[in-house]
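*Asks:* data02.txt is the file, holding compact mmCIF, C-alpha atoms:
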```txt
# COMPACT_ATOMS: atom_id res chain seq x y z
CA MET A 1 35.75 140.28 -33.47
CA ALA A 2 34.69 138.42 -30.51
CA ASP A 3 34.49 134.70 -30.82
CA GLU A 4 31.02 133.55 -30.65
CA THR A 5 30.66 129.96 -29.49
CA LYS A 6 27.84 127.98 -30.76
CA PRO A 7 25.90 126.16 -28.24
CA GLU A 8 26.46 122.33 -28.44
CA ALA A 9 23.68 120.52 -29.94
CA GLN A 10 21.81 118.48 -27.31
CA ALA A 11 20.76 114.95 -28.19
CA PRO A 12 17.07 114.55 -28.35
CA ALA A 13 15.62 112.82 -25.30
CA PRO A 14 14.39 109.27 -25.90
CA PRO A 15 10.71 108.93 -26.17
CA ALA A 16 9.04 107.80 -23.01
CA ALA A 17 8.18 104.13 -23.04
CA ALA A 18 4.59 103.46 -23.43
CA PRO A 19 3.07 101.97 -20.32
CA ALA A 20 2.66 98.11 -20.61
CA PRO A 21 -0.87 96.94 -20.70
CA ALA A 22 -2.20 95.36 -17.52
CA ALA A 23 -2.66 91.97 -19.19
CA ALA A 24 1.02 91.92 -20.24
CA ALA A 25 2.18 92.84 -16.73
CA GLN A 26 0.74 89.53 -15.30
CA LYS A 27 2.36 86.38 -16.80
CA PRO A 28 0.23 83.22 -16.90
CA ALA A 29 1.23 80.47 -14.39
CA VAL A 30 3.08 77.49 -15.91
CA ALA A 31 1.17 74.16 -15.41
CA ALA A 32 3.03 71.54 -13.31
CA LYS A 33 4.27 68.48 -15.25
CA PRO A 34 2.76 65.11 -14.24
CA PRO A 35 5.21 62.69 -12.54
CA ALA A 36 6.87 60.21 -14.82
CA ALA A 37 5.22 56.78 -14.90
CA PRO A 38 7.30 54.04 -13.18
CA LEU A 39 9.12 51.70 -15.49
CA PRO A 40 7.65 48.19 -15.67
CA ASP A 41 9.46 45.41 -13.89
CA LEU A 42 10.65 43.06 -16.61
CA ALA A 43 12.64 40.75 -14.36
CA GLY A 44 12.55 37.27 -15.84
CA LYS A 45 10.87 38.52 -19.03
CA THR A 46 13.91 39.63 -20.94
CA THR A 47 17.41 38.43 -21.47
CA SER A 48 18.81 41.87 -22.06
CA VAL A 49 20.95 43.02 -19.14
CA ALA A 50 20.61 46.60 -20.41
CA SER A 51 16.91 46.65 -19.61
CA VAL A 52 15.66 47.44 -16.15
CA GLY A 53 14.20 43.99 -15.61
CA GLY A 54 17.25 42.29 -17.03
CA ALA A 55 19.54 44.26 -14.75
CA ALA A 56 17.43 43.31 -11.74
CA ALA A 57 17.48 39.66 -12.76
CA ALA A 58 21.23 39.78 -13.21
CA LYS A 59 21.66 41.31 -9.75
CA ALA A 60 19.37 38.67 -8.25
CA ALA A 61 21.35 35.90 -9.93
CA VAL A 62 24.57 37.31 -8.52
CA ALA A 63 23.07 37.78 -5.06
CA ALA A 64 21.45 34.29 -4.93
CA PRO A 65 24.68 32.34 -4.31
CA ALA A 66 25.62 34.78 -1.56
CA LYS A 67 22.23 34.27 0.10
CA ALA A 68 22.54 30.51 -0.29
CA VAL A 69 25.94 30.52 1.38
CA ALA A 70 24.59 32.73 4.16
CA ALA A 71 21.73 30.24 4.68
CA GLY A 72 24.09 27.27 4.87
CA ARG A 73 23.42 25.99 1.32
CA ASP A 74 25.69 25.12 -1.52
CA PRO A 75 26.47 28.08 -3.79
CA ASP A 76 24.46 26.58 -6.67
CA ASP A 77 21.49 25.55 -4.50
CA THR A 78 18.87 28.22 -5.16
CA SER A 79 15.64 26.27 -4.65
CA PRO A 80 12.99 28.54 -3.12
CA LEU A 81 11.27 25.68 -1.18
CA LEU A 82 13.79 23.29 0.34
CA THR A 83 17.51 22.91 0.42
CA ARG A 84 19.14 20.23 -1.65
CA ARG A 85 19.80 18.18 1.47
CA ALA A 86 16.16 18.47 2.45
CA TRP A 87 15.08 17.26 -1.01
CA ILE A 88 17.48 14.31 -0.77
CA GLY A 89 16.19 13.47 2.70
CA LEU A 90 12.59 13.66 1.50
CA SER A 91 13.36 11.39 -1.45
CA TRP A 92 15.07 8.80 0.74
CA GLY A 93 12.19 8.94 3.20
CA ALA A 94 9.63 8.30 0.46
CA PHE A 95 11.75 5.45 -0.95
CA SER A 96 12.11 3.87 2.50
CA ALA A 97 8.37 4.13 3.15
CA ALA A 98 7.55 2.51 -0.20
CA SER A 99 10.07 -0.28 0.43
CA ALA A 100 8.65 -0.94 3.90
CA ALA A 101 5.12 -1.10 2.48
CA ALA A 102 6.23 -3.56 -0.21
CA LEU A 103 7.99 -5.76 2.35
CA ALA A 104 4.95 -5.69 4.61
CA ALA A 105 2.70 -6.74 1.72
CA THR A 106 5.12 -9.56 0.84
CA GLY A 107 5.19 -10.73 4.43
CA ARG A 108 1.41 -10.63 4.61
CA PHE A 109 1.27 -12.79 1.48
CA MET A 110 3.64 -15.32 3.06
CA PHE A 111 1.36 -15.62 6.10
CA PRO A 112 -2.22 -15.50 4.77
CA ASN A 113 -5.44 -15.78 6.74
CA VAL A 114 -6.04 -19.08 8.43
CA LEU A 115 -9.54 -20.07 9.42
CA GLN A 116 -9.71 -20.79 13.13
CA ARG A 117 -12.85 -22.24 14.64
CA ALA A 118 -13.60 -23.69 18.04
CA ALA A 119 -14.56 -27.31 18.53
CA ALA A 120 -18.16 -27.99 17.68
CA ALA A 121 -20.45 -30.83 16.85
CA ILE A 122 -21.78 -31.17 13.35
CA GLN A 123 -25.35 -30.46 14.31
CA GLY A 124 -27.99 -32.92 13.16
CA TRP A 125 -25.58 -35.15 11.30
CA THR A 126 -25.27 -38.74 12.31
CA PRO A 127 -22.85 -41.08 10.52
CA HIS A 128 -25.48 -42.59 8.27
CA ARG A 129 -26.42 -39.14 6.90
CA VAL A 130 -22.91 -38.35 5.61
CA ARG A 131 -22.26 -39.48 2.07
CA MET A 132 -19.12 -41.21 0.84
CA GLY A 133 -16.22 -38.92 -0.18
CA VAL A 134 -15.29 -35.35 0.80
CA ASP A 135 -18.01 -33.25 2.40
CA GLU A 136 -17.36 -29.48 2.19
CA ARG A 137 -20.38 -28.27 4.14
CA TRP A 138 -18.28 -27.50 7.22
CA LYS A 139 -15.34 -25.87 5.53
CA GLU A 140 -16.50 -22.28 6.04
CA LYS A 141 -17.96 -22.72 9.51
CA PHE A 142 -15.52 -25.13 11.14
CA ALA A 143 -12.54 -25.06 8.72
CA ILE A 144 -12.60 -28.82 8.24
CA TRP A 145 -13.38 -31.37 5.57
CA LEU A 146 -15.27 -34.39 6.79
CA VAL A 147 -14.26 -37.38 4.70
CA ARG A 148 -15.99 -40.73 4.61
CA THR A 149 -13.90 -43.57 3.23
CA PRO A 150 -14.52 -47.27 2.68
CA GLU A 151 -11.02 -48.01 4.03
CA ASP A 152 -8.58 -45.72 5.80
CA ILE A 153 -4.89 -46.00 4.89
CA GLU A 154 -3.89 -46.21 8.55
CA GLN A 155 -6.89 -47.68 10.38
CA HIS A 156 -7.76 -50.13 7.55
CA ALA A 157 -11.44 -49.72 8.27
CA SER A 158 -14.40 -47.79 6.95
CA GLY A 159 -15.41 -44.60 8.68
CA PHE A 160 -14.74 -40.87 9.00
CA TYR A 161 -11.82 -38.54 9.51
CA ALA A 162 -11.75 -34.74 9.71
CA ILE A 163 -9.02 -32.91 7.77
CA ILE A 164 -8.08 -29.40 8.94
CA THR A 165 -8.18 -26.97 6.01
CA VAL A 166 -4.76 -25.43 6.64
CA CYS A 167 -1.91 -26.02 4.18
CA THR A 168 1.18 -27.37 5.92
CA HIS A 169 3.41 -25.18 3.77
CA LEU A 170 2.58 -21.60 4.81
CA GLY A 171 -0.96 -21.80 6.15
CA CYS A 172 -3.14 -21.04 3.14
CA THR A 173 -6.56 -22.64 2.71
CA PRO A 174 -6.55 -25.29 -0.02
CA ASN A 175 -9.50 -26.00 -2.30
CA TYR A 176 -11.06 -29.34 -3.00
CA LEU A 177 -11.01 -30.18 -6.72
CA SER A 178 -13.67 -32.82 -7.17
CA ALA A 179 -12.78 -33.42 -10.83
CA GLU A 180 -9.21 -34.34 -9.84
CA ASN A 181 -10.17 -35.80 -6.45
CA LYS A 182 -7.52 -33.84 -4.55
CA PHE A 183 -6.92 -30.78 -2.39
CA LYS A 184 -4.98 -28.00 -4.12
CA CYS A 185 -3.42 -24.98 -2.41
CA PRO A 186 -3.96 -21.78 -4.47
CA CYS A 187 -0.99 -19.95 -2.93
CA HIS A 188 2.02 -22.06 -3.87
CA GLY A 189 0.61 -25.11 -5.64
CA SER A 190 0.84 -27.79 -2.98
CA GLY A 191 -1.33 -30.80 -3.71
CA PHE A 192 -2.82 -33.34 -1.29
CA ARG A 193 -4.76 -36.52 -1.86
CA THR A 194 -8.16 -36.98 -0.20
CA THR A 195 -6.39 -38.89 2.55
CA GLY A 196 -4.49 -35.69 3.35
CA VAL A 197 -1.15 -37.03 2.15
CA ASN A 198 0.95 -34.48 0.20
CA PHE A 199 2.22 -35.51 -3.23
CA GLU A 200 3.10 -32.29 -5.12
CA GLY A 201 4.32 -28.77 -4.46
CA PRO A 202 6.35 -27.39 -1.58
CA ALA A 203 4.23 -28.72 1.30
CA PRO A 204 6.64 -30.68 3.52
CA ARG A 205 4.09 -32.98 5.21
CA PRO A 206 0.47 -34.20 5.02
CA LEU A 207 -2.52 -32.21 6.17
CA GLU A 208 -3.39 -32.61 9.83
CA ARG A 209 -6.45 -34.41 11.11
CA ALA A 210 -8.69 -33.31 13.97
CA ARG A 211 -10.23 -35.42 16.70
CA VAL A 212 -13.49 -36.95 15.53
CA VAL A 213 -15.73 -38.99 17.82
CA LEU A 214 -19.36 -39.87 18.25
CA ALA A 215 -21.12 -37.69 20.84
CA ASP A 216 -23.58 -39.02 23.41
CA ASP A 217 -26.52 -37.86 21.28
CA GLY A 218 -25.25 -39.84 18.30
CA GLN A 219 -23.95 -36.82 16.36
CA ILE A 220 -20.47 -36.51 14.91
CA LEU A 221 -18.26 -34.31 17.09
CA VAL A 222 -15.13 -32.70 15.65
CA ASP A 223 -12.68 -31.32 18.20
CA LYS A 224 -9.98 -29.11 16.66
CA SER A 225 -8.18 -28.66 19.96
CA ARG A 226 -6.43 -31.94 19.17
CA HIS A 227 -4.42 -32.41 15.99
CA PHE A 228 -3.02 -35.63 14.60
CA GLN A 229 0.04 -35.73 12.34
CA ARG A 230 0.86 -38.71 10.18
CA GLU A 231 4.62 -38.16 10.24
CA LEU A 232 4.47 -38.57 14.02
CA GLY A 233 2.47 -41.80 13.73
CA GLN A 234 -0.65 -40.17 15.23
CA TRP A 235 -3.10 -41.24 12.55
CA THR A 236 -3.32 -44.62 14.28
CA ASP A 237 -4.86 -42.95 17.34
CA PRO A 238 -8.46 -44.19 17.81
CA GLU A 239 -9.76 -40.61 18.05
CA SER A 240 -8.20 -39.56 14.75
CA PHE A 241 -10.66 -41.81 12.93
CA LEU A 242 -14.32 -42.64 13.58
CA LYS A 243 -15.14 -46.15 12.52
CA ALA A 244 -18.55 -46.67 11.04
```
Since I need it in another form, could you write the structure as structure tokens?

*Replies:*
Amino acid sequence: MADETKPEAQAPAPPAAAPAPAAAAQKPAVAAKPPAAPLPDLAGKTTSVASVGGAAAAKAAVAAPAKAVAAGRDPDDTSPLLTRRAWIGLSWGAFSAASAAALAATGRFMFPNVLQRAAAAIQGWTPHRVRMGVDERWKEKFAIWLVRTPEDIEQHASGFYAIITVCTHLGCTPNYLSAENKFKCPCHGSGFRTTGVNFEGPAPRPLERARVVLADDGQILVDKSRHFQRELGQWTDPESFLKA
């Protein structure tokens, strides 16, 4: 009997894939992500070196000495305005200026204003119109006191003498104290009698007198271009005293 071979069974063909829908064939585009926001600079606001600001501050602190050395400063001199030497120089300059101003003010106090007036006649005043004692009417204008006395300590006669209102200590202008009948310097306390003789304080000598004479018109003339000093024996000069 002839062998009859059975035909091999053929595997069934896979089913054809269903065509993809048109919507599935086109994939939607992916939206681009926004850029990350920059981290805030926290330099100087945190003590944590791990933070961004702290790391920047730490780097700046390390770099500051190197910059200071490169700029000619000391390693620990990190002032943003001036170097330490500049600050020291500025301080010494201010101290020197203040000291100079104080010394100038002290020197100005030691040499105060002195009234200086030219020679002039006491207008309209004849000897009989001047009262006895110290007359201050010409202190401001002529810087003198006109004194009428019944007897002068040097001339031993009645009359007039003109005292220059300049203290013989350091040039201040004394005041006449009528209650105490003396001249008193307000600067350093020198005291003078109405004759001009010093008796208290640091003044080393009496007040000076000016030339006083009777003019041709009968008025009293005081000439400050000539001074008379008692310690030199000049109060005995006839023109240092006007007899009347």

*Asks:* Here is a test: counting all atoms listed in the file, which residue of A:Phe160, A:Lys184, A:Leu103, A:Trp87 is nearest to Arg131 in chain A?

*Replies:*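 Smallest distance to Arg131 in chain A is found for A:Phe160.
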
*Asks:* For Glu140 in chain A, which residue among A:Ala244, A:Asp217, A:Asp237, A:Asn175 is the nearest when counting only C-alpha atoms?

*Replies:*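 Closest residue, counting only C-alpha atoms: A:Asn175.
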
*Asks:* Rank A:Val147, A:Val197, A:Ile163, A:Cys172 by their smallest atom-to-atom distance to Arg226 in chain A, using only C-alpha atoms, and report the top residue only.

*Replies:* A:Ile163

*Asks:* Please, what distance in Å, to one decimal, runs between CA of Ser225 in chain A and CA of Thr168 in chain A?

*Replies:* 16.9 Å

*Asks:* Nearest to Arg193 in chain A among A:Leu90, A:Ile220, A:Ser158, A:Val134, with distances taken over only C-alpha atoms: which residue is it?

*Replies:*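 The answer is A:Val134, which sits nearest to Arg193 in chain A.
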
*Asks:* Have a look at CA of Gln234 in chain A and CA of Asn181 in chain A and let me know their distance in Å, one decimal.

*Replies:*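 Atom-to-atom, CA of Gln234 in chain A to CA of Asn181 in chain A, that is 24.1 Å.
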
*Asks:* Suppose you want the space between CA of Glu231 in chain A and CA of Ala203 in chain A; what is it in Å?

*Replies:*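 Calculated distance between CA of Glu231 in chain A and CA of Ala203 in chain A is 13.0 Å.
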
*Asks:* For Arg205 in chain A, which residue out of A:Cys167, A:Lys182, A:Phe95, A:Gly218 is the nearest one, using only C-alpha atoms?

*Replies:*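 Nearest to Arg205 in chain A: A:Cys167.
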
*Asks:* Looking at only C-alpha atoms, which of A:Lys243, A:His188, A:Arg148, A:Arg230 is the one that sits closest to Leu214 in chain A?

*Replies:*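 Distance minimum relative to Leu214 in chain A lands on A:Lys243.
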